[in-house]
$ cat structure-v2.cif   # mmCIF, C-alpha atoms
data_work
#
loop_
_atom_site.label_atom_id
_atom_site.label_comp_id
_atom_site.auth_asym_id
_atom_site.auth_seq_id
_atom_site.Cartn_x
_atom_site.Cartn_y
_atom_site.Cartn_z
CA MET I 1 -16.84 -18.91 15.16
CA GLN I 2 -17.48 -19.66 11.49
CA GLY I 3 -19.40 -16.42 11.11
CA THR I 4 -16.47 -14.53 12.58
CA LEU I 5 -14.08 -16.24 10.17
CA LEU I 6 -16.38 -15.41 7.25
CA GLN I 7 -16.50 -11.79 8.37
CA ARG I 8 -12.71 -11.62 8.41
CA CYS I 9 -12.53 -13.11 4.92
CA LYS I 10 -15.26 -10.82 3.57
CA PRO I 11 -12.93 -8.12 2.11
CA ALA I 12 -10.93 -10.75 0.23
CA LEU I 13 -14.08 -12.43 -1.04
CA ILE I 14 -15.42 -9.09 -2.30
CA ILE I 15 -12.20 -8.43 -4.22
CA LEU I 16 -12.17 -11.93 -5.71
CA ALA I 17 -15.82 -11.57 -6.77
CA ILE I 18 -15.12 -8.23 -8.47
CA ILE I 19 -12.05 -9.60 -10.27
CA ALA I 20 -13.97 -12.73 -11.33
CA ALA I 21 -16.66 -10.49 -12.83
CA LEU I 22 -14.20 -8.20 -14.63
CA THR I 23 -11.75 -10.80 -15.90
CA PRO I 24 -13.93 -12.07 -18.80
CA LEU I 25 -14.25 -8.45 -19.99
CA ILE I 26 -10.49 -7.79 -20.13
CA ILE I 27 -8.98 -11.24 -20.69
CA GLY I 28 -8.39 -10.53 -24.39
CA SER I 29 -6.82 -7.10 -23.86
CA PRO I 30 -3.12 -7.01 -22.85
CA PHE I 31 -3.48 -3.28 -22.15
CA TRP I 32 -6.16 -3.73 -19.51
CA LEU I 33 -4.57 -6.87 -18.10
CA ASP I 34 -1.32 -4.94 -17.61
CA ASN I 35 -3.17 -2.13 -15.87
CA SER I 36 -5.00 -4.67 -13.72
CA VAL I 37 -1.65 -6.05 -12.53
CA MET I 38 -0.42 -2.52 -11.77
CA VAL I 39 -3.60 -1.77 -9.80
CA ALA I 40 -3.00 -4.94 -7.76
CA ILE I 41 0.62 -3.95 -7.09
CA PHE I 42 -0.34 -0.43 -6.01
CA SER I 43 -3.13 -1.93 -3.90
CA LEU I 44 -0.50 -3.86 -1.94
CA LEU I 45 1.61 -0.72 -1.52
CA SER I 46 -1.46 1.21 -0.43
CA LEU I 47 -2.43 -1.56 2.01
CA SER I 48 1.01 -1.22 3.59
CA VAL I 49 0.17 2.44 4.23
CA GLY I 50 -3.19 1.36 5.65
CA MET I 51 -1.43 -0.94 8.10
CA ALA I 52 1.16 1.63 9.18
CA TYR I 53 -1.00 4.78 9.16
CA GLY I 54 -4.60 3.61 9.33
CA GLN I 55 -4.05 1.05 12.10
CA ALA I 56 -0.84 2.01 13.92
CA GLY I 57 -0.93 5.78 13.32
CA ILE I 58 2.58 5.85 11.78
CA LEU I 59 2.57 8.36 8.93
CA SER I 60 5.14 6.73 6.66
CA MET I 61 6.32 8.40 3.48
CA ALA I 62 8.43 5.38 2.52
CA PRO I 63 6.11 2.68 1.09
CA ALA I 64 7.78 2.99 -2.32
CA ALA I 65 11.21 2.80 -0.66
CA PHE I 66 10.36 -0.51 1.01
CA GLY I 67 8.84 -1.70 -2.26
CA SER I 68 12.03 -0.69 -4.04
CA ILE I 69 14.11 -2.69 -1.56
CA GLY I 70 12.04 -5.79 -2.30
CA ALA I 71 12.17 -5.15 -6.05
CA PHE I 72 15.93 -4.61 -6.19
CA ALA I 73 16.60 -7.55 -3.87
CA THR I 74 14.86 -10.00 -6.19
CA SER I 75 16.24 -8.24 -9.29
CA ILE I 76 19.83 -8.55 -8.11
CA VAL I 77 19.71 -12.20 -7.02
CA THR I 78 17.90 -13.32 -10.18
CA THR I 79 19.92 -11.34 -12.73
CA ARG I 80 23.35 -11.23 -11.07
CA TYR I 81 23.41 -14.67 -9.43
CA GLY I 82 20.84 -16.66 -11.41
CA MET I 83 18.78 -17.58 -8.36
CA SER I 84 15.11 -18.46 -8.35
CA PRO I 85 12.49 -15.70 -7.98
CA LEU I 86 11.32 -17.61 -4.90
CA VAL I 87 14.65 -16.78 -3.25
CA GLY I 88 13.99 -13.20 -4.27
CA LEU I 89 10.56 -13.45 -2.65
CA VAL I 90 12.10 -14.42 0.69
CA LEU I 91 14.49 -11.48 0.47
CA ALA I 92 11.72 -9.11 -0.64
CA LEU I 93 9.69 -10.04 2.44
CA THR I 94 12.49 -10.03 5.00
CA MET I 95 14.84 -7.21 3.98
CA PRO I 96 12.25 -4.40 4.34
CA MET I 97 11.30 -5.83 7.75
CA ILE I 98 14.93 -5.93 8.88
CA LEU I 99 15.35 -2.27 7.93
CA ALA I 100 11.94 -1.08 9.13
CA TYR I 101 11.96 -2.54 12.65
CA PRO I 102 15.01 -0.71 14.10
CA MET I 103 14.03 2.39 12.16
CA ALA I 104 10.56 2.34 13.73
CA ARG I 105 11.99 1.79 17.22
CA ALA I 106 13.92 5.02 16.74
CA ILE I 107 11.17 7.19 15.22
CA THR I 108 7.83 6.02 16.66
CA ARG I 109 8.36 8.25 19.70
CA LEU I 110 8.37 11.30 17.41
CA SER I 111 5.33 13.40 16.61
CA PRO I 112 3.71 12.79 13.20
CA LEU I 113 5.51 15.56 11.27
CA PRO I 114 9.11 14.68 12.28
CA LEU I 115 8.22 11.01 11.86
CA SER I 116 7.04 11.50 8.29
CA ILE I 117 10.14 13.57 7.49
CA ALA I 118 12.36 10.77 8.84
CA THR I 119 10.70 8.22 6.55
CA LEU I 120 10.93 10.69 3.67
CA LEU I 121 14.68 10.86 4.18
CA LEU I 122 14.81 7.09 3.77
CA CYS I 123 13.38 7.50 0.26
CA LEU I 124 16.03 10.07 -0.65
CA VAL I 125 18.89 8.01 0.79
CA LEU I 126 17.71 4.88 -1.00
CA GLU I 127 17.35 6.69 -4.35
CA LEU I 128 20.91 8.00 -3.96
CA ALA I 129 22.21 4.53 -3.04
CA ILE I 130 20.57 2.99 -6.12
CA ARG I 131 22.02 5.61 -8.45
CA GLU I 132 25.50 5.30 -6.96
CA GLY I 133 25.39 1.51 -6.70
CA GLY I 134 27.24 1.00 -9.96
CA SER I 135 26.89 -2.34 -11.67
CA PHE I 136 25.45 -3.93 -8.52
CA THR I 137 22.19 -1.93 -8.66
CA GLY I 138 22.49 -0.89 -12.29
CA GLY I 139 23.25 2.71 -11.38
CA TYR I 140 21.56 5.30 -13.54
CA ILE I 141 20.78 2.69 -16.20
CA GLY I 142 18.99 0.20 -13.98
CA LEU I 143 18.62 -3.57 -14.15
CA SER I 144 17.02 -5.18 -17.18
CA GLY I 145 16.38 -8.79 -18.08
CA ILE I 146 14.68 -9.62 -14.79
CA PRO I 147 13.07 -13.02 -15.40
CA ALA I 148 9.31 -13.37 -15.45
CA LEU I 149 7.84 -15.72 -12.88
CA TRP I 150 7.98 -19.28 -14.20
CA PHE I 151 4.60 -20.05 -12.61
CA ALA I 152 2.99 -16.92 -14.12
CA PRO I 153 4.70 -16.50 -17.52
CA THR I 154 1.83 -14.75 -19.33
CA ILE I 155 0.00 -11.50 -18.65
CA GLN I 156 -3.20 -13.46 -18.00
CA SER I 157 -1.57 -15.64 -15.35
CA MET I 158 0.16 -12.61 -13.82
CA HIS I 159 -3.22 -10.90 -13.57
CA VAL I 160 -4.65 -13.87 -11.67
CA LEU I 161 -1.58 -14.27 -9.45
CA SER I 162 -1.38 -10.60 -8.46
CA TRP I 163 -5.00 -10.47 -7.33
CA LEU I 164 -4.71 -13.78 -5.49
CA VAL I 165 -1.78 -12.24 -3.61
CA VAL I 166 -3.90 -9.17 -2.78
CA ALA I 167 -6.69 -11.44 -1.50
CA LEU I 168 -4.23 -13.44 0.61
CA VAL I 169 -2.78 -10.27 2.13
CA LEU I 170 -6.31 -9.05 2.89
CA VAL I 171 -7.13 -12.27 4.73
CA LEU I 172 -3.93 -12.11 6.78
CA TYR I 173 -4.41 -8.38 7.43
CA ALA I 174 -8.01 -8.82 8.59
CA ASN I 175 -7.08 -11.70 10.89
CA LEU I 176 -4.14 -9.76 12.31
CA THR I 177 -6.34 -6.72 12.96
CA SER I 178 -8.92 -8.80 14.86
CA SER I 179 -6.25 -10.62 16.87
CA ALA I 180 -4.87 -9.62 20.27
CA ILE I 181 -1.95 -7.90 18.52
CA GLY I 182 -4.29 -5.86 16.34
CA ARG I 183 -6.40 -4.79 19.32
CA ALA I 184 -3.26 -3.84 21.24
CA VAL I 185 -2.05 -1.76 18.27
CA ARG I 186 -5.35 0.16 18.12
CA THR I 187 -5.16 0.81 21.86
CA ALA I 188 -1.54 1.94 21.54
CA GLN I 189 -2.51 4.32 18.74
CA HIS I 190 -5.43 5.97 20.53
CA ASP I 191 -4.31 5.69 24.17
CA PRO I 192 -0.64 4.70 24.59
CA LEU I 193 -0.76 5.29 28.36
CA ARG I 194 -3.55 2.78 28.76
CA ALA I 195 -1.71 0.29 26.55
CA THR I 196 1.41 0.71 28.68
CA ALA I 197 -0.65 0.21 31.83
CA ASP I 198 -1.98 -3.01 30.31
CA GLY I 199 1.58 -4.27 29.99
CA VAL I 200 2.09 -3.55 26.29
CA ASN I 201 5.54 -2.51 25.11
CA VAL I 202 4.17 0.22 22.84
CA PRO I 203 7.37 1.14 20.90
CA ALA I 204 8.18 -2.52 20.21
CA LEU I 205 4.60 -3.33 19.18
CA LEU I 206 4.31 -0.37 16.81
CA ALA I 207 7.73 -1.15 15.37
CA LEU I 208 6.65 -4.74 14.71
CA TYR I 209 3.47 -3.59 12.96
CA PHE I 210 5.46 -1.09 10.90
CA ALA I 211 7.89 -3.85 9.92
CA LEU I 212 4.97 -6.05 8.79
CA SER I 213 3.63 -3.20 6.65
CA ALA I 214 7.11 -2.80 5.12
CA SER I 215 7.08 -6.52 4.30
CA VAL I 216 3.80 -6.07 2.39
CA ALA I 217 5.42 -3.24 0.42
CA GLY I 218 8.39 -5.51 -0.31
CA LEU I 219 5.98 -8.15 -1.64
CA ALA I 220 4.52 -5.53 -3.98
CA GLY I 221 8.04 -4.66 -5.14
CA TRP I 222 8.70 -8.33 -5.90
CA LEU I 223 5.62 -8.50 -8.15
CA TYR I 224 6.54 -5.13 -9.71
CA ALA I 225 10.05 -6.25 -10.68
CA HIS I 226 9.00 -9.58 -12.18
CA HIS I 227 6.06 -8.03 -14.00
CA LEU I 228 7.96 -5.19 -15.67
CA THR I 229 11.27 -7.17 -15.89
CA TYR I 230 13.13 -3.89 -15.36
CA MET I 231 14.07 -1.81 -12.34
CA GLY I 232 15.63 1.62 -12.55
CA PRO I 233 16.41 4.47 -10.16
CA ASP I 234 13.15 6.19 -11.18
CA SER I 235 10.91 3.14 -10.81
CA LEU I 236 9.73 3.54 -7.21
CA THR I 237 10.67 7.01 -6.02
CA MET I 238 9.59 9.50 -3.38
CA HIS I 239 6.93 10.84 -5.76
CA VAL I 240 5.45 7.35 -5.99
CA SER I 241 5.34 7.20 -2.17
CA ILE I 242 3.30 10.40 -2.09
CA LYS I 243 0.94 8.98 -4.71
CA ILE I 244 0.54 5.79 -2.66
CA LEU I 245 -0.22 7.81 0.46
CA LEU I 246 -2.91 9.68 -1.49
CA MET I 247 -4.41 6.35 -2.56
CA ALA I 248 -4.74 5.18 1.03
CA VAL I 249 -6.09 8.51 2.34
CA ILE I 250 -8.63 8.95 -0.46
CA GLY I 251 -9.98 5.42 -0.21
CA GLY I 252 -9.88 5.23 3.58
CA ALA I 253 -6.62 4.19 5.24
CA SER I 254 -8.36 2.66 8.28
CA THR I 255 -10.47 0.27 6.18
CA PHE I 256 -9.47 -2.93 4.38
CA LEU I 257 -10.89 -2.09 0.96
CA GLY I 258 -10.30 1.68 1.03
CA PRO I 259 -6.62 1.54 -0.03
CA ILE I 260 -7.55 -0.78 -2.91
CA LEU I 261 -10.32 1.59 -4.03
CA GLY I 262 -7.89 4.52 -3.90
CA ALA I 263 -5.26 2.55 -5.83
CA ALA I 264 -7.74 1.62 -8.56
CA PHE I 265 -9.07 5.17 -8.83
CA LEU I 266 -5.73 6.99 -9.02
CA THR I 267 -4.06 4.37 -11.23
CA LEU I 268 -6.87 4.29 -13.77
CA ILE I 269 -7.49 8.05 -13.80
CA THR I 270 -3.79 8.53 -14.62
CA LEU I 271 -4.42 6.85 -17.98
CA TYR I 272 -6.61 9.76 -19.05
CA LEU I 273 -4.48 12.63 -17.74
CA PRO I 274 -2.11 14.06 -20.37
CA ALA I 275 0.81 15.33 -18.28
CA ALA I 276 2.44 15.03 -14.88
CA GLU I 277 1.50 18.62 -14.03
CA THR I 278 -2.14 17.90 -14.75
CA GLN I 279 -1.98 14.74 -12.65
CA GLY I 280 -0.63 16.71 -9.71
CA MET I 281 -3.44 19.26 -9.98
CA ILE I 282 -6.12 16.58 -10.22
CA PHE I 283 -4.68 14.52 -7.37
CA GLY I 284 -4.41 17.60 -5.16
CA ALA I 285 -7.97 18.67 -5.95
CA VAL I 286 -9.32 15.18 -5.24
CA LEU I 287 -7.39 15.01 -1.95
CA ILE I 288 -8.71 18.41 -0.80
CA LEU I 289 -12.26 17.44 -1.77
CA VAL I 290 -12.05 14.15 0.11
CA LEU I 291 -10.53 15.77 3.21
CA LEU I 292 -13.27 18.42 3.24
CA VAL I 293 -16.19 16.07 2.60
CA ALA I 294 -14.95 12.78 4.06
CA PRO I 295 -11.83 13.18 6.25
CA ASN I 296 -11.71 9.41 6.89
CA GLY I 297 -11.73 8.55 3.19
CA VAL I 298 -14.47 7.33 0.88
CA LEU I 299 -14.95 3.96 2.60
CA GLY I 300 -13.98 5.17 6.07
CA THR I 301 -16.85 7.67 6.28
CA ASN I 302 -20.29 6.89 7.62
CA TRP I 303 -22.14 8.63 4.80
CA LYS I 304 -25.60 8.06 6.27
CA LYS I 305 -24.60 9.68 9.55
CA LEU I 306 -22.79 12.49 7.71
CA PHE I 307 -25.79 13.37 5.55
CA ALA I 308 -28.14 13.14 8.55
CA SER I 309 -25.99 15.49 10.65
CA ARG I 310 -25.73 17.99 7.78
CA ALA I 311 -29.48 17.84 7.23
CA ARG I 312 -30.06 18.62 10.92
CA ALA I 313 -27.53 21.44 10.73
CA GLY I 314 -29.32 22.86 7.68
CA LYS I 315 -32.67 22.74 9.45
CA SER I 316 -31.29 24.51 12.52
CA VAL I 317 -29.75 27.26 10.35
CA ARG I 318 -33.06 27.79 8.53
CA GLY I 319 -34.87 27.86 11.88
CA VAL I 320 -32.55 30.55 13.22
CA ALA I 321 -32.91 32.57 10.00
CA ALA I 322 -36.70 32.37 10.24
#
$ encode --input "structure-v2.cif" --output "structure tokens"
Amino acid sequence: MQGTLLQRCKPALIILAIIAALTPLIIGSPFWLDNSVMVAIFSLLSLSVGMAYGQAGILSMAPAAFGSIGAFATSIVTTRYGMSPLVGLVLALTMPMILAYPMARAITRLSPLPLSIATLLLCLVLELAIREGGSFTGGYIGLSGIPALWFAPTIQSMHVLSWLVVALVLVLYANLTSSAIGRAVRTAQHDPLRATADGVNVPALLALYFALSASVAGLAGWLYAHHLTYMGPDSLTMHVSIKILLMAVIGGASTFLGPILGAAFLTLITLYLPAAETQGMIFGAVLILVLLVAPNGVLGTNWKKLFASRARAGKSVRGVAA
């Protein structure tokens, strides 16, 4: 039993070990500490895609929308009403779930393409609502003066907090995946008829899992708002959702560490790309390369088996040619 528990905590322990090794190298650099926090935030958003798409098979284009709901919820209650960021945390966790569950009950019966379009429309509607929200949402100007977290007031403490949150989410995610609910979700994804025969309410189960993934995105939005202390209509848009989806797919959406690897890679490579057009070209090229070489993502591919099968295929082709 202890070995099983250790196995479930292994992804979180790996992340904590990596961060512990890197922290002394960047602790004196606000630039790298800030980017570390952003990598952690995008890791949470990418993990929400991993939960929805990698585990439940729901191709959601709205992770940034759910993150934006969490971010604006905490921004509004802390700046407009002077409430604690902890109240904002509760709202950031619950409001995306409340929206995502009935939405998923309505769209999970759709095929992947209409389903993704439906979630994409959510992004567009939310962006319009934020821009037309007037003084309540900040409108086209946005909300500034969002308070920093009183228990993580410095960039160093925010760096530590953000990665502790990622580790905690990984532990909960791994335990959920290995639980009866996680096994039922995998069965519902691959064989919904069998899951139904086993007594599983497939639409309700997938909707619940989708709502949990939306809650993770809301948590990322909460960190995002209190880290940047500003939220505007262009902060977490549809384009960010597409970028987050690329992170999960490139790293391996069905794995625990794949979305984090993809988030780190795309976030850090953006620092060295001069323009948005160049970023789009590079991201597209990387996505095509990964889909051609490793359709399940970098960490979701059995590289040893892949190389062995290609070596056998090469030998057979040379044998036929001879």
$ closest_atom_pairs --input "structure-v2.cif" --of "segment 202-294 of chain I" --to "segment 161-174 of chain I" --cutoff "10 Å" --atoms "all atoms listed in the file" --output "tab-separated table"
residue	atom	partner	partner_atom	distance
I:Leu212	CA	I:Tyr173	CA	9.8
I:Ser213	CA	I:Tyr173	CA	9.6
I:Val216	CA	I:Val169	CA	7.8
I:Leu219	CA	I:Val165	CA	9.0
I:Ala220	CA	I:Ser162	CA	9.0
I:Leu223	CA	I:Ser162	CA	7.3
I:Tyr224	CA	I:Ser162	CA	9.7
I:His227	CA	I:Ser162	CA	9.6
I:Thr255	CA	I:Ala174	CA	9.7
I:Phe256	CA	I:Leu170	CA	7.0
I:Leu257	CA	I:Leu170	CA	8.6
I:Ile260	CA	I:Val166	CA	9.2
$ closest_residue --input "structure-v2.cif" --among "I:Thr154, I:Gly182, I:Arg105, I:Ala92" --to "Ser68 of chain I" --atoms "only C-alpha atoms"
I:Ala92
$ atom_distance --input "structure-v2.cif" --atom1 "atom CA of Val125 of chain I" --atom2 "atom CA of Gly221 of chain I"
17.7 Å
$ residues_near_point --input "structure-v2.cif" --point "(1.4, 4.1, 12.7)" --cutoff "8 Å" --atoms "only C-alpha atoms" --output "list in words"
Met51, Ala52, Tyr53, Gly54, Gln55, Ala56, Gly57, Ile58, Leu59, Ser60, Thr108, Gln189, Leu206, Tyr209 and Phe210 of chain I
$ atom_distance --input "structure-v2.cif" --atom1 "atom CA of Leu205 of chain I" --atom2 "atom CA of Asn296 of chain I"
24.1 Å
$ atom_distance --input "structure-v2.cif" --atom1 "atom CA of Asp34 of chain I" --atom2 "atom CA of Ala264 of chain I"
12.9 Å
$ closest_residue --input "structure-v2.cif" --among "I:Ile250, I:Leu299, I:Leu271, I:Ile146" --to "Val49 of chain I" --atoms "all atoms listed in the file"
I:Ile250
$ residues_around --input "structure-v2.cif" --residues "Ala263 of chain I" --least-positions-apart "4" --cutoff "12 Å" --atoms "all atoms listed in the file" --output "PyMOL selection string"
chain I and resi 35-50+240+243-253+257-259+267-270
$ build_atoms --input "structure-v2.cif" --residues "segment 99-113 of chain I" --atoms "N, CA and C atoms" --output "CSV table (one decimal), in the coordinates of the input"
chain,number,residue,atom,x,y,z
I,99,LEU,N,15.1,-3.7,7.9
I,99,LEU,CA,15.4,-2.3,7.9
I,99,LEU,C,14.3,-1.5,8.7
I,100,ALA,N,13.0,-1.9,8.6
I,100,ALA,CA,11.9,-1.1,9.1
I,100,ALA,C,11.9,-1.2,10.7
I,101,TYR,N,12.2,-2.4,11.2
I,101,TYR,CA,12.0,-2.5,12.6
I,101,TYR,C,12.9,-1.6,13.5
I,102,PRO,N,14.2,-1.6,13.3
I,102,PRO,CA,15.0,-0.7,14.1
I,102,PRO,C,14.7,0.7,13.8
I,103,MET,N,14.4,1.0,12.5
I,103,MET,CA,14.0,2.4,12.2
I,103,MET,C,12.8,2.8,12.9
I,104,ALA,N,11.8,2.0,13.0
I,104,ALA,CA,10.6,2.3,13.7
I,104,ALA,C,10.8,2.5,15.2
I,105,ARG,N,11.7,1.7,15.8
I,105,ARG,CA,12.0,1.8,17.2
I,105,ARG,C,12.6,3.2,17.5
I,106,ALA,N,13.3,3.7,16.5
I,106,ALA,CA,13.9,5.0,16.7
I,106,ALA,C,13.0,6.2,16.5
I,107,ILE,N,12.0,6.0,15.6
I,107,ILE,CA,11.2,7.2,15.2
I,107,ILE,C,9.7,7.2,15.7
I,108,THR,N,9.2,6.1,16.2
I,108,THR,CA,7.8,6.0,16.7
I,108,THR,C,7.5,6.9,17.9
I,109,ARG,N,8.6,7.3,18.6
I,109,ARG,CA,8.4,8.2,19.7
I,109,ARG,C,8.2,9.7,19.2
I,110,LEU,N,8.5,9.9,18.0
I,110,LEU,CA,8.4,11.3,17.4
I,110,LEU,C,6.9,11.7,17.1
I,111,SER,N,6.6,12.9,17.0
I,111,SER,CA,5.3,13.4,16.6
I,111,SER,C,5.2,13.1,15.1
I,112,PRO,N,3.9,13.2,14.6
I,112,PRO,CA,3.7,12.8,13.2
I,112,PRO,C,4.6,13.5,12.2
I,113,LEU,N,4.8,14.8,12.3
I,113,LEU,CA,5.5,15.6,11.3
I,113,LEU,C,7.0,15.1,11.2
